[in-house]
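K.L.:
Please read through the structure below; I'll follow up with questions.
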Amino acid sequence: MEDLADLAAVPNMLAILFATLVLHLTDLIILFVSTCANAWRIHGTESNDLWYHCVQSNGGHTCQGTGDEEWLQAVQALMVLATIFSLTSFIIFLCQLFTLVKGGRFFFTAVFQILASLFVMSGAIIYTVMSPKWKSNSDSYGYAFVLAWLAFPLTLISGFIYIVLRKKE
């Protein structure tokens with residue numbers, strides 16, 4: 001009778017692992033896009049990201065660096081760290097998937113993922129607080145800024161899932 005219960009648990013565990021893997025990859029893609037995309041702040045034909053200020057004119061784009069503001073450099077560093085920690089967490093998860101003992105938890109993976117969520121939250125908070133001093137009233141936040149805020153809860157939830165998740169055979 002226990003063998004039947006174990007056989008029924010295998011597809012459930014595979015589904016949970018697959019869903020966790022998809023969530024983590026989604027987090028990673030969102031973090032990467034929000035860090036690289038040129039749409040943190042938008043004003044008409046102008047757009048800003050963490051790295052460049054671009055203006056569209058005559059069918060072309062002209063881009064220049066954003067400047068040396070310390071708060072912006074902090075946001076850049078935190079978003080890059082969040083992406084690196086999430087990628088590291090994904091690699092650790094794949095390694096632990098094959099090396100972790102039966103019944104073990106993915107704590108090491110969870111730590112890196114939760115740190116990634118704290119980094120992205122810190123970067124988004126700094127940008128939210130400091131950018132009103134840097135932007136005009138007619139500017140609006142772009143999709144990359146929204147993706148950064150979306151990445152925070154998804155990455156945090158993913159980290160908590162890794163804490164709860166146990167490896168079964």
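Residues are named by chain letter and number: chains run A, B, ... in the order of the structure tokens, numbers start at 1 in each chain, and ligands are numbered from 1 in the order shown.
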Which residues, written as a ChimeraX atom specification, have at least one atom at most 7 Å from stretch 19-33 of chain A, with only C-alpha atoms counted and residues fewer than 2 positions away on the same chain left out?

P.N.:
/A:15-17,35-37,83,86-87,144,147-148,151,154-155,158

K.L.:
Next, the residues of the selection above should be written as a PDB file, in the first residue's frame with N, CA, C and O atoms.

P.N.:
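Ended up saving to part_16.pdb:
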ATOM      1  N   ALA A  15       5.548  17.732 -10.716  1.00  0.00           N
ATOM      2  CA  ALA A  15       4.779  18.931 -11.061  1.00  0.00           C
ATOM      3  C   ALA A  15       5.214  20.115 -10.197  1.00  0.00           C
ATOM      4  O   ALA A  15       5.352  21.234 -10.696  1.00  0.00           O
ATOM      5  N   ILE A  16       5.437  19.861  -8.909  1.00  0.00           N
ATOM      6  CA  ILE A  16       5.887  20.934  -8.011  1.00  0.00           C
ATOM      7  C   ILE A  16       7.272  21.418  -8.415  1.00  0.00           C
ATOM      8  O   ILE A  16       7.527  22.624  -8.457  1.00  0.00           O
ATOM      9  N   LEU A  17       8.175  20.494  -8.721  1.00  0.00           N
ATOM     10  CA  LEU A  17       9.523  20.879  -9.154  1.00  0.00           C
ATOM     11  C   LEU A  17       9.477  21.660 -10.462  1.00  0.00           C
ATOM     12  O   LEU A  17      10.189  22.651 -10.629  1.00  0.00           O
ATOM     13  N   THR A  35      16.508  45.052 -15.501  1.00  0.00           N
ATOM     14  CA  THR A  35      17.831  45.638 -15.336  1.00  0.00           C
ATOM     15  C   THR A  35      18.351  46.225 -16.652  1.00  0.00           C
ATOM     16  O   THR A  35      19.023  47.256 -16.643  1.00  0.00           O
ATOM     17  N   CYS A  36      18.021  45.603 -17.763  1.00  0.00           N
ATOM     18  CA  CYS A  36      18.583  46.015 -19.058  1.00  0.00           C
ATOM     19  C   CYS A  36      17.681  46.936 -19.878  1.00  0.00           C
ATOM     20  O   CYS A  36      18.192  47.699 -20.706  1.00  0.00           O
ATOM     21  N   ALA A  37      16.379  46.871 -19.685  1.00  0.00           N
ATOM     22  CA  ALA A  37      15.457  47.611 -20.558  1.00  0.00           C
ATOM     23  C   ALA A  37      15.540  49.118 -20.333  1.00  0.00           C
ATOM     24  O   ALA A  37      15.759  49.580 -19.217  1.00  0.00           O
ATOM     25  N   THR A  83      20.134  40.074  -9.992  1.00  0.00           N
ATOM     26  CA  THR A  83      20.157  39.169 -11.145  1.00  0.00           C
ATOM     27  C   THR A  83      21.211  38.084 -10.963  1.00  0.00           C
ATOM     28  O   THR A  83      20.951  36.898 -11.225  1.00  0.00           O
ATOM     29  N   SER A  86      20.047  35.610  -8.240  1.00  0.00           N
ATOM     30  CA  SER A  86      18.978  34.750  -8.734  1.00  0.00           C
ATOM     31  C   SER A  86      19.517  33.693  -9.694  1.00  0.00           C
ATOM     32  O   SER A  86      19.110  32.532  -9.641  1.00  0.00           O
ATOM     33  N   LEU A  87      20.452  34.080 -10.550  1.00  0.00           N
ATOM     34  CA  LEU A  87      21.081  33.108 -11.447  1.00  0.00           C
ATOM     35  C   LEU A  87      21.889  32.083 -10.658  1.00  0.00           C
ATOM     36  O   LEU A  87      21.818  30.880 -10.931  1.00  0.00           O
ATOM     37  N   ALA A 144       9.874  48.720 -17.238  1.00  0.00           N
ATOM     38  CA  ALA A 144      11.013  48.087 -16.560  1.00  0.00           C
ATOM     39  C   ALA A 144      10.960  48.355 -15.059  1.00  0.00           C
ATOM     40  O   ALA A 144      11.304  47.483 -14.255  1.00  0.00           O
ATOM     41  N   LEU A 147       8.343  46.036 -13.785  1.00  0.00           N
ATOM     42  CA  LEU A 147       8.881  44.678 -13.739  1.00  0.00           C
ATOM     43  C   LEU A 147       9.803  44.474 -12.541  1.00  0.00           C
ATOM     44  O   LEU A 147       9.819  43.397 -11.943  1.00  0.00           O
ATOM     45  N   ALA A 148      10.564  45.498 -12.189  1.00  0.00           N
ATOM     46  CA  ALA A 148      11.429  45.389 -11.009  1.00  0.00           C
ATOM     47  C   ALA A 148      10.587  45.176  -9.759  1.00  0.00           C
ATOM     48  O   ALA A 148      10.913  44.331  -8.915  1.00  0.00           O
ATOM     49  N   ALA A 151       9.211  41.690  -9.824  1.00  0.00           N
ATOM     50  CA  ALA A 151      10.231  40.677  -9.534  1.00  0.00           C
ATOM     51  C   ALA A 151      10.414  40.473  -8.034  1.00  0.00           C
ATOM     52  O   ALA A 151      10.729  39.371  -7.598  1.00  0.00           O
ATOM     53  N   LEU A 154       7.723  37.946  -6.561  1.00  0.00           N
ATOM     54  CA  LEU A 154       7.901  36.635  -7.190  1.00  0.00           C
ATOM     55  C   LEU A 154       9.184  35.956  -6.722  1.00  0.00           C
ATOM     56  O   LEU A 154       9.209  34.751  -6.472  1.00  0.00           O
ATOM     57  N   THR A 155      10.244  36.727  -6.602  1.00  0.00           N
ATOM     58  CA  THR A 155      11.514  36.172  -6.140  1.00  0.00           C
ATOM     59  C   THR A 155      11.429  35.780  -4.668  1.00  0.00           C
ATOM     60  O   THR A 155      11.953  34.744  -4.270  1.00  0.00           O
ATOM     61  N   SER A 158       9.389  32.602  -4.451  1.00  0.00           N
ATOM     62  CA  SER A 158      10.241  31.501  -4.918  1.00  0.00           C
ATOM     63  C   SER A 158      11.216  31.069  -3.825  1.00  0.00           C
ATOM     64  O   SER A 158      11.427  29.879  -3.602  1.00  0.00           O
TER      65      SER A 158
END

K.L.:
Pull the strand (DSSP E) assignments for stretch 6-169 of chain A out of DSSP run on the backbone, and list those residues as a list in words.

P.N.:
Arg41, Ile42, His43, Glu46, Ser47, Asn48, Tyr52, His53, Cys54, Val55, Gln56, Ser57, Gly60, His61, Thr62, Cys63, Gln64, Gly65, Ser140 and Tyr141 of chain A

K.L.:
Any chance you could export the current selection's N, CA, C and O atoms as a PDB file, in the first residue's frame?

P.N.:
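Dumped everything to result.pdb:
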ATOM      1  N   ARG A  41      11.929  55.180 -16.800  1.00  0.00           N
ATOM      2  CA  ARG A  41      11.246  56.469 -16.759  1.00  0.00           C
ATOM      3  C   ARG A  41      11.027  56.909 -18.191  1.00  0.00           C
ATOM      4  O   ARG A  41      11.927  56.840 -19.018  1.00  0.00           O
ATOM      5  N   ILE A  42       9.821  57.390 -18.494  1.00  0.00           N
ATOM      6  CA  ILE A  42       9.474  57.758 -19.869  1.00  0.00           C
ATOM      7  C   ILE A  42       8.867  59.155 -19.880  1.00  0.00           C
ATOM      8  O   ILE A  42       8.071  59.504 -19.015  1.00  0.00           O
ATOM      9  N   HIS A  43       9.274  59.944 -20.878  1.00  0.00           N
ATOM     10  CA  HIS A  43       8.707  61.269 -21.081  1.00  0.00           C
ATOM     11  C   HIS A  43       8.654  61.525 -22.587  1.00  0.00           C
ATOM     12  O   HIS A  43       9.670  61.845 -23.205  1.00  0.00           O
ATOM     13  N   GLU A  46      11.502  60.619 -24.914  1.00  0.00           N
ATOM     14  CA  GLU A  46      12.675  60.327 -24.088  1.00  0.00           C
ATOM     15  C   GLU A  46      12.401  59.123 -23.203  1.00  0.00           C
ATOM     16  O   GLU A  46      11.280  58.925 -22.743  1.00  0.00           O
ATOM     17  N   SER A  47      13.432  58.339 -22.984  1.00  0.00           N
ATOM     18  CA  SER A  47      13.323  57.214 -22.062  1.00  0.00           C
ATOM     19  C   SER A  47      14.633  57.076 -21.300  1.00  0.00           C
ATOM     20  O   SER A  47      15.703  57.393 -21.804  1.00  0.00           O
ATOM     21  N   ASN A  48      14.506  56.624 -20.068  1.00  0.00           N
ATOM     22  CA  ASN A  48      15.662  56.451 -19.205  1.00  0.00           C
ATOM     23  C   ASN A  48      15.643  55.061 -18.596  1.00  0.00           C
ATOM     24  O   ASN A  48      14.580  54.524 -18.285  1.00  0.00           O
ATOM     25  N   TYR A  52      21.278  54.462 -19.395  1.00  0.00           N
ATOM     26  CA  TYR A  52      21.285  55.456 -20.470  1.00  0.00           C
ATOM     27  C   TYR A  52      20.042  56.339 -20.452  1.00  0.00           C
ATOM     28  O   TYR A  52      18.974  55.925 -20.003  1.00  0.00           O
ATOM     29  N   HIS A  53      20.218  57.523 -21.010  1.00  0.00           N
ATOM     30  CA  HIS A  53      19.122  58.442 -21.287  1.00  0.00           C
ATOM     31  C   HIS A  53      19.040  58.526 -22.807  1.00  0.00           C
ATOM     32  O   HIS A  53      19.976  58.986 -23.462  1.00  0.00           O
ATOM     33  N   CYS A  54      17.935  58.073 -23.375  1.00  0.00           N
ATOM     34  CA  CYS A  54      17.800  58.031 -24.833  1.00  0.00           C
ATOM     35  C   CYS A  54      16.692  58.965 -25.306  1.00  0.00           C
ATOM     36  O   CYS A  54      15.661  59.107 -24.656  1.00  0.00           O
ATOM     37  N   VAL A  55      16.926  59.584 -26.448  1.00  0.00           N
ATOM     38  CA  VAL A  55      15.960  60.471 -27.079  1.00  0.00           C
ATOM     39  C   VAL A  55      15.745  59.974 -28.498  1.00  0.00           C
ATOM     40  O   VAL A  55      16.702  59.699 -29.227  1.00  0.00           O
ATOM     41  N   GLN A  56      14.472  59.871 -28.880  1.00  0.00           N
ATOM     42  CA  GLN A  56      14.140  59.455 -30.241  1.00  0.00           C
ATOM     43  C   GLN A  56      13.846  60.705 -31.050  1.00  0.00           C
ATOM     44  O   GLN A  56      12.977  61.497 -30.700  1.00  0.00           O
ATOM     45  N   SER A  57      14.599  60.869 -32.133  1.00  0.00           N
ATOM     46  CA  SER A  57      14.363  62.012 -33.011  1.00  0.00           C
ATOM     47  C   SER A  57      14.719  61.640 -34.441  1.00  0.00           C
ATOM     48  O   SER A  57      15.698  60.937 -34.679  1.00  0.00           O
ATOM     49  N   GLY A  60      15.583  58.009 -35.344  1.00  0.00           N
ATOM     50  CA  GLY A  60      16.737  57.353 -34.729  1.00  0.00           C
ATOM     51  C   GLY A  60      16.789  57.616 -33.231  1.00  0.00           C
ATOM     52  O   GLY A  60      16.047  58.430 -32.692  1.00  0.00           O
ATOM     53  N   HIS A  61      17.658  56.892 -32.590  1.00  0.00           N
ATOM     54  CA  HIS A  61      17.846  57.045 -31.146  1.00  0.00           C
ATOM     55  C   HIS A  61      19.212  57.649 -30.867  1.00  0.00           C
ATOM     56  O   HIS A  61      20.207  57.282 -31.471  1.00  0.00           O
ATOM     57  N   THR A  62      19.239  58.572 -29.930  1.00  0.00           N
ATOM     58  CA  THR A  62      20.486  59.133 -29.438  1.00  0.00           C
ATOM     59  C   THR A  62      20.538  58.842 -27.947  1.00  0.00           C
ATOM     60  O   THR A  62      19.637  59.231 -27.203  1.00  0.00           O
ATOM     61  N   CYS A  63      21.577  58.138 -27.523  1.00  0.00           N
ATOM     62  CA  CYS A  63      21.681  57.742 -26.116  1.00  0.00           C
ATOM     63  C   CYS A  63      22.975  58.275 -25.515  1.00  0.00           C
ATOM     64  O   CYS A  63      23.997  58.357 -26.186  1.00  0.00           O
ATOM     65  N   GLN A  64      22.893  58.633 -24.255  1.00  0.00           N
ATOM     66  CA  GLN A  64      24.082  59.038 -23.511  1.00  0.00           C
ATOM     67  C   GLN A  64      23.957  58.494 -22.093  1.00  0.00           C
ATOM     68  O   GLN A  64      22.880  58.128 -21.653  1.00  0.00           O
ATOM     69  N   GLY A  65      25.046  58.422 -21.377  1.00  0.00           N
ATOM     70  CA  GLY A  65      25.062  57.895 -20.013  1.00  0.00           C
ATOM     71  C   GLY A  65      24.156  58.689 -19.088  1.00  0.00           C
ATOM     72  O   GLY A  65      23.878  59.858 -19.310  1.00  0.00           O
ATOM     73  N   SER A 140       6.661  59.576 -16.505  1.00  0.00           N
ATOM     74  CA  SER A 140       5.967  58.438 -15.902  1.00  0.00           C
ATOM     75  C   SER A 140       6.941  57.277 -15.783  1.00  0.00           C
ATOM     76  O   SER A 140       7.936  57.218 -16.504  1.00  0.00           O
ATOM     77  N   TYR A 141       6.640  56.401 -14.863  1.00  0.00           N
ATOM     78  CA  TYR A 141       7.478  55.218 -14.710  1.00  0.00           C
ATOM     79  C   TYR A 141       7.168  54.249 -15.842  1.00  0.00           C
ATOM     80  O   TYR A 141       6.023  54.074 -16.237  1.00  0.00           O
TER      81      TYR A 141
END

K.L.:
For A:Thr66, which residue out of A:Phe90, A:Gly142, A:Thr45, A:Trp40 is the nearest one, using only C-alpha atoms?

P.N.:
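For A:Thr66, the nearest of the candidates is A:Trp40.
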
K.L.:
Between atom CA of A:Ser117 and atom CA of A:Phe160, what is the distance, to one decimal in Å?

P.N.:
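Atom CA of A:Phe160 lies 10.8 Å from atom CA of A:Ser117.
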
K.L.:
Within 9 Å of A:Val164, counting only C-alpha atoms, which residues qualify if same-chain residues fewer than 4 places away don't, as a ChimeraX atom specification?

P.N.:
/A:105-107,160

K.L.:
As a ChimeraX atom specification, please: every residue in chain A that a backbone DSSP assignment puts in alpha helix (DSSP H).

P.N.:
/A:2-36,70-99,107-130,143-164

K.L.:
As a ChimeraX atom specification, please: the residues near A:Phe93 (cut-off 9 Å, only C-alpha atoms, same-chain neighbours under 4 positions excluded).

P.N.:
/A:21,88-89,97-98,106,108-110,162

K.L.:
Go ahead and compute the interatomic distance for atom CA of A:Ile84 and atom CA of A:Gln113, in Å to one decimal.

P.N.:
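Computing the Euclidean distance for atom CA of A:Ile84 and atom CA of A:Gln113 yields 10.0 Å.
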
K.L.:
What does the distance from atom CA of A:Met130 to atom CA of A:Trp149 come to in Å, to one decimal?

P.N.:
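Between atom CA of A:Met130 and atom CA of A:Trp149 the gap is 15.4 Å.
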
K.L.:
Kindly indicate which residue among A:Gly104, A:Gln96, A:Val146, A:Leu50 lies nearest to A:Gln73, using only C-alpha atoms for the distances.

P.N.:
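Among A:Gly104, A:Gln96, A:Val146, A:Leu50, it is A:Leu50 that comes nearest to A:Gln73.
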